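Shown next: input36.pdb, containing PDB, C-alpha atoms.
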ATOM      1  CA  MET Z  19     -45.435  18.836  12.326
ATOM      2  CA  PRO Z  20     -44.318  15.826  10.219
ATOM      3  CA  ASP Z  21     -45.739  12.415  11.124
ATOM      4  CA  PRO Z  22     -42.881  10.038  12.126
ATOM      5  CA  ALA Z  23     -44.753   6.967  10.838
ATOM      6  CA  ILE Z  24     -45.310   8.500   7.397
ATOM      7  CA  GLU Z  25     -41.667   9.594   7.219
ATOM      8  CA  ALA Z  26     -40.392   6.130   8.226
ATOM      9  CA  ILE Z  27     -42.644   4.408   5.678
ATOM     10  CA  ALA Z  28     -41.401   6.772   2.955
ATOM     11  CA  ALA Z  29     -37.781   6.014   3.932
ATOM     12  CA  PHE Z  30     -38.557   2.292   3.771
ATOM     13  CA  HIS Z  31     -39.974   2.588   0.249
ATOM     14  CA  ARG Z  32     -36.934   4.573  -0.905
ATOM     15  CA  TRP Z  33     -34.663   1.868   0.557
ATOM     16  CA  ASN Z  34     -36.657  -0.928  -1.090
ATOM     17  CA  ASP Z  35     -36.646   0.863  -4.459
ATOM     18  CA  ALA Z  36     -32.857   1.151  -4.149
ATOM     19  CA  PHE Z  37     -32.601  -2.546  -3.211
ATOM     20  CA  ASN Z  38     -34.528  -3.458  -6.360
ATOM     21  CA  ALA Z  39     -32.274  -1.218  -8.447
ATOM     22  CA  ARG Z  40     -29.220  -2.711  -6.653
ATOM     23  CA  ASP Z  41     -28.269   0.881  -5.749
ATOM     24  CA  VAL Z  42     -26.184   0.378  -2.626
ATOM     25  CA  GLU Z  43     -25.420   4.081  -2.145
ATOM     26  CA  THR Z  44     -29.108   4.965  -1.879
ATOM     27  CA  GLN Z  45     -29.687   1.994   0.433
ATOM     28  CA  ILE Z  46     -26.896   3.259   2.711
ATOM     29  CA  ALA Z  47     -28.370   6.772   2.591
ATOM     30  CA  HIS Z  48     -31.534   5.327   4.202
ATOM     31  CA  MET Z  49     -29.737   3.348   6.917
ATOM     32  CA  HIS Z  50     -28.138   4.142  10.255
ATOM     33  CA  PHE Z  51     -25.018   2.452  11.583
ATOM     34  CA  PRO Z  52     -24.305   0.374  13.437
ATOM     35  CA  HIS Z  53     -26.966  -1.604  11.583
ATOM     36  CA  LEU Z  54     -28.254  -4.991  12.752
ATOM     37  CA  ARG Z  55     -30.121  -7.768  10.968
ATOM     38  CA  LEU Z  56     -31.539 -10.921  12.534
ATOM     39  CA  ALA Z  57     -32.313 -13.739  10.112
ATOM     40  CA  GLU Z  58     -32.260 -17.509  10.500
ATOM     41  CA  ASN Z  59     -31.596 -16.909  14.231
ATOM     42  CA  GLN Z  60     -28.266 -15.219  13.512
ATOM     43  CA  PHE Z  61     -27.341 -11.596  14.059
ATOM     44  CA  HIS Z  62     -25.260  -9.746  11.528
ATOM     45  CA  ALA Z  63     -23.876  -6.294  12.254
ATOM     46  CA  TRP Z  64     -22.503  -3.659   9.930
ATOM     47  CA  GLU Z  65     -20.599  -0.967  11.786
ATOM     48  CA  THR Z  66     -20.313   1.352   8.774
ATOM     49  CA  GLY Z  67     -21.673   1.910   5.303
ATOM     50  CA  ASP Z  68     -18.414   0.506   3.938
ATOM     51  CA  ASP Z  69     -19.072  -2.755   5.798
ATOM     52  CA  PHE Z  70     -22.520  -2.968   4.210
ATOM     53  CA  ARG Z  71     -21.202  -2.006   0.759
ATOM     54  CA  SER Z  72     -18.546  -4.754   0.849
ATOM     55  CA  GLY Z  73     -21.125  -7.580   0.698
ATOM     56  CA  GLU Z  74     -23.408  -6.229  -1.996
ATOM     57  CA  GLU Z  75     -21.706  -7.785  -5.027
ATOM     58  CA  ASN Z  76     -22.002 -11.198  -3.429
ATOM     59  CA  LEU Z  77     -25.631 -10.573  -2.477
ATOM     60  CA  THR Z  78     -26.489  -9.524  -6.041
ATOM     61  CA  TYR Z  79     -24.888 -12.711  -7.343
ATOM     62  CA  ARG Z  80     -26.903 -14.870  -4.902
ATOM     63  CA  LEU Z  81     -30.143 -13.031  -5.721
ATOM     64  CA  ASN Z  82     -29.596 -13.596  -9.433
ATOM     65  CA  ALA Z  83     -28.746 -17.271  -8.801
ATOM     66  CA  GLU Z  84     -32.121 -17.833  -7.117
ATOM     67  CA  GLY Z  85     -33.981 -16.179 -10.014
ATOM     68  CA  TRP Z  86     -34.755 -12.912  -8.223
ATOM     69  CA  HIS Z  87     -35.931  -9.941 -10.271
ATOM     70  CA  HIS Z  88     -37.405  -7.653  -7.604
ATOM     71  CA  THR Z  89     -38.994  -7.551  -4.169
ATOM     72  CA  ASP Z  90     -42.526  -6.233  -3.730
ATOM     73  CA  SER Z  91     -43.762  -4.840  -0.440
ATOM     74  CA  LEU Z  92     -47.290  -6.198  -0.109
ATOM     75  CA  LYS Z  93     -48.147  -4.615   3.231
ATOM     76  CA  VAL Z  94     -46.510  -2.119   5.581
ATOM     77  CA  ASP Z  95     -48.035  -1.686   9.030
ATOM     78  CA  VAL Z  96     -46.909   0.651  11.775
ATOM     79  CA  VAL Z  97     -46.567  -1.398  14.958
ATOM     80  CA  GLN Z  98     -45.281   1.386  17.210
ATOM     81  CA  ALA Z  99     -44.289   4.970  16.538
ATOM     82  CA  GLY Z 100     -42.574   7.618  18.570
ATOM     83  CA  LYS Z 101     -40.918  10.916  17.834
ATOM     84  CA  ASN Z 102     -37.555   9.332  16.869
ATOM     85  CA  LYS Z 103     -38.295   5.620  16.389
ATOM     86  CA  VAL Z 104     -40.836   3.659  14.334
ATOM     87  CA  HIS Z 105     -41.408  -0.119  14.130
ATOM     88  CA  LEU Z 106     -42.760  -1.382  10.800
ATOM     89  CA  ALA Z 107     -44.182  -4.880  10.205
ATOM     90  CA  ILE Z 108     -43.750  -5.619   6.513
ATOM     91  CA  ARG Z 109     -44.961  -8.415   4.232
ATOM     92  CA  GLN Z 110     -42.557  -8.781   1.315
ATOM     93  CA  SER Z 111     -42.489 -10.960  -1.763
ATOM     94  CA  ARG Z 112     -39.511 -11.915  -3.863
ATOM     95  CA  ARG Z 113     -40.524 -12.103  -7.517
ATOM     96  CA  ARG Z 114     -39.175 -13.482 -10.765
ATOM     97  CA  ALA Z 115     -39.035 -11.409 -13.973
ATOM     98  CA  ASP Z 116     -42.509 -12.656 -14.991
ATOM     99  CA  GLY Z 117     -43.913 -11.381 -11.677
ATOM    100  CA  ALA Z 118     -44.342 -14.849 -10.166
ATOM    101  CA  GLU Z 119     -43.868 -14.901  -6.409
ATOM    102  CA  TYR Z 120     -41.339 -17.450  -5.204
ATOM    103  CA  LYS Z 121     -40.408 -16.295  -1.693
ATOM    104  CA  PRO Z 122     -42.967 -14.486   0.515
ATOM    105  CA  PHE Z 123     -41.824 -13.440   3.986
ATOM    106  CA  ASN Z 124     -42.549 -11.233   6.981
ATOM    107  CA  THR Z 125     -40.038  -8.808   8.410
ATOM    108  CA  LEU Z 126     -39.850  -6.215  11.186
ATOM    109  CA  TRP Z 127     -37.853  -3.048  10.562
ATOM    110  CA  ILE Z 128     -36.955  -0.404  13.113
ATOM    111  CA  PHE Z 129     -36.354   3.083  11.782
ATOM    112  CA  THR Z 130     -34.627   5.738  13.847
ATOM    113  CA  LYS Z 131     -34.370   9.471  13.323
ATOM    114  CA  ILE Z 132     -30.785  10.589  13.934
ATOM    115  CA  ASP Z 133     -29.508  14.065  13.089
ATOM    116  CA  GLY Z 134     -32.850  14.848  11.441
ATOM    117  CA  ARG Z 135     -32.754  11.860   9.070
ATOM    118  CA  TRP Z 136     -34.848   8.675   9.106
ATOM    119  CA  GLY Z 137     -32.979   5.433   8.447
ATOM    120  CA  VAL Z 138     -33.433   1.742   9.122
ATOM    121  CA  GLN Z 139     -31.199   0.572  11.947
ATOM    122  CA  PHE Z 140     -32.541  -2.911  12.696
ATOM    123  CA  ARG Z 141     -34.176  -5.593  10.564
ATOM    124  CA  SER Z 142     -35.559  -8.941  11.701
ATOM    125  CA  SER Z 143     -36.594 -11.232   8.889
ATOM    126  CA  PHE Z 144     -38.306 -14.601   8.529
ATOM    127  CA  LEU Z 145     -36.751 -14.941   5.063
ATOM    128  CA  THR Z 146     -34.881 -18.172   4.422
ATOM    129  CA  SER Z 147     -32.883 -18.396   1.215
ATOM    130  CA  SER Z 148     -29.315 -18.661   0.024
ATOM    131  CA  ALA Z 149     -29.399 -14.907  -0.551
ATOM    132  CA  SER Z 150     -30.257 -14.215   3.080
ATOM    133  CA  SER Z 151     -27.534 -16.230   4.781
ATOM    134  CA  PHE Z 152     -24.515 -14.679   6.399
ATOM    135  CA  GLY Z 153     -20.829 -15.270   6.572
ATOM    136  CA  PRO Z 154     -18.120 -15.384   3.987
ATOM    137  CA  GLN Z 155     -19.522 -16.763   0.763
ATOM    138  CA  PRO Z 156     -17.119 -16.133  -2.087
ATOM    139  CA  LEU Z 157     -18.346 -15.644  -5.607
ATOM    140  CA  PRO Z 158     -17.866 -18.744  -7.767
ATOM    141  CA  GLU Z 159     -14.748 -18.823  -9.884
ATOM    142  CA  ALA Z 160     -15.106 -17.878 -13.532
ATOM    143  CA  ARG Z 161     -15.096 -20.866 -15.864
TER     144      ARG Z 161
END
Would you put the structure from the file into structure tokens?
Amino acid sequence: MPDPAIEAIAAFHRWNDAFNARDVETQIAHMHFPHLRLAENQFHAWETGDDFRSGEENLTYRLNAEGWHHTDSLKVDVVQAGKNKVHLAIRQSRRRADGAEYKPFNTLWIFTKIDGRWGVQFRSSFLTSSASSFGPQPLPEAR
């Protein structure tokens, strides 16, 4: 019988690899909707994959503007695990191209198994940065 914790951790790593590659389709493939994120004491909800997809260009722009190159996962701990739900406490680190850490943070992710597939359905992050804020933030106009 597969171990739910191991499966959820593997799904997390696939999602994070896709985040680093800015591969939104693979990110969505490892999510469940509705999807919730709590950061800076604000909830943001995506009802569908299309909702999530619609903000990715802006997010990529903001990540690049802060000097982001990739996000490392320094530690992944299973907090609770059941047959269809796993809570992961994760220590992440935003890095520049030279590998220098500039934004370490803790985050809690809840993975659920729906229709036989593990996906993240809730994220709560202690990250504070311009690339983690919510709301309409248009891309700057071309000069």
Legend entry - Explicit residues for the PyMOL selection byres ((chain Z and resi 32) around 12) (as number ranges by chain): Z: 25-31, 33-39, 41-49, 91, 136-138
Inset, instruction - Can you give me, as number ranges by chain, the residues this file yields under the PyMOL selection byres ((chain Z and resi 53-70) around 8)? - result: Z: 46, 49-52, 71-74, 138-146, 150-152
Inset, instruction - Name the residues that the PyMOL selection byres ((chain Z and resi 126) around 8) pulls out of this structure, and write them as a PyMOL selection string. - result: chain Z and resi 105-108+124-125+127-128+141-143
Legend entry - Distance criterion (only C-alpha atoms): nearest to Z:Asn82 out of Z:Lys101, Z:Arg109, Z:Lys131, Z:Arg114: Z:Arg114
Inset, instruction - One decimal, Å: what's the distance from atom CA of Z:Tyr120 over to atom CA of Z:Ala83, could you say? - result: 13.1 Å
Report the centre and edge lengths, in Å to one decimal, of an axis-aligned box enclosing every atom of stretch 94-101 of chain Z listed in the file, padded by 5 Å on each side, as lines of an AutoDock Vina configuration file.
center_x = -44.5
center_y = 4.4
center_z = 12.1
size_x = 17.1
size_y = 23.0
size_z = 23.0
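Here atom CA of Z:Val97 stands at a distance of 9.5 Å from atom CA of Z:Ala23.
Those residues positioned at most 6 Å from (-42.8, -11.6, -2.3) are Thr89, Asp90, Gln110, Ser111, Arg112, Arg113, Glu119, Lys121 and Pro122 of chain Z, judged using only C-alpha atoms.
In this model, the gap between atom CA of Z:Pro20 and atom CA of Z:Lys103 comes to 13.4 Å.
The residue that comes closest to Z:Val96, out of Z:Leu81, Z:Ile132, Z:Ala118, Z:Ile24 and on the basis of only C-alpha atoms, is Z:Ile24.
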Legend entry - Residue nearest Z:His88 - candidates Z:Arg135, Z:Asp116, Z:Pro22, Z:Thr130, atoms counted: only C-alpha atoms: Z:Asp116
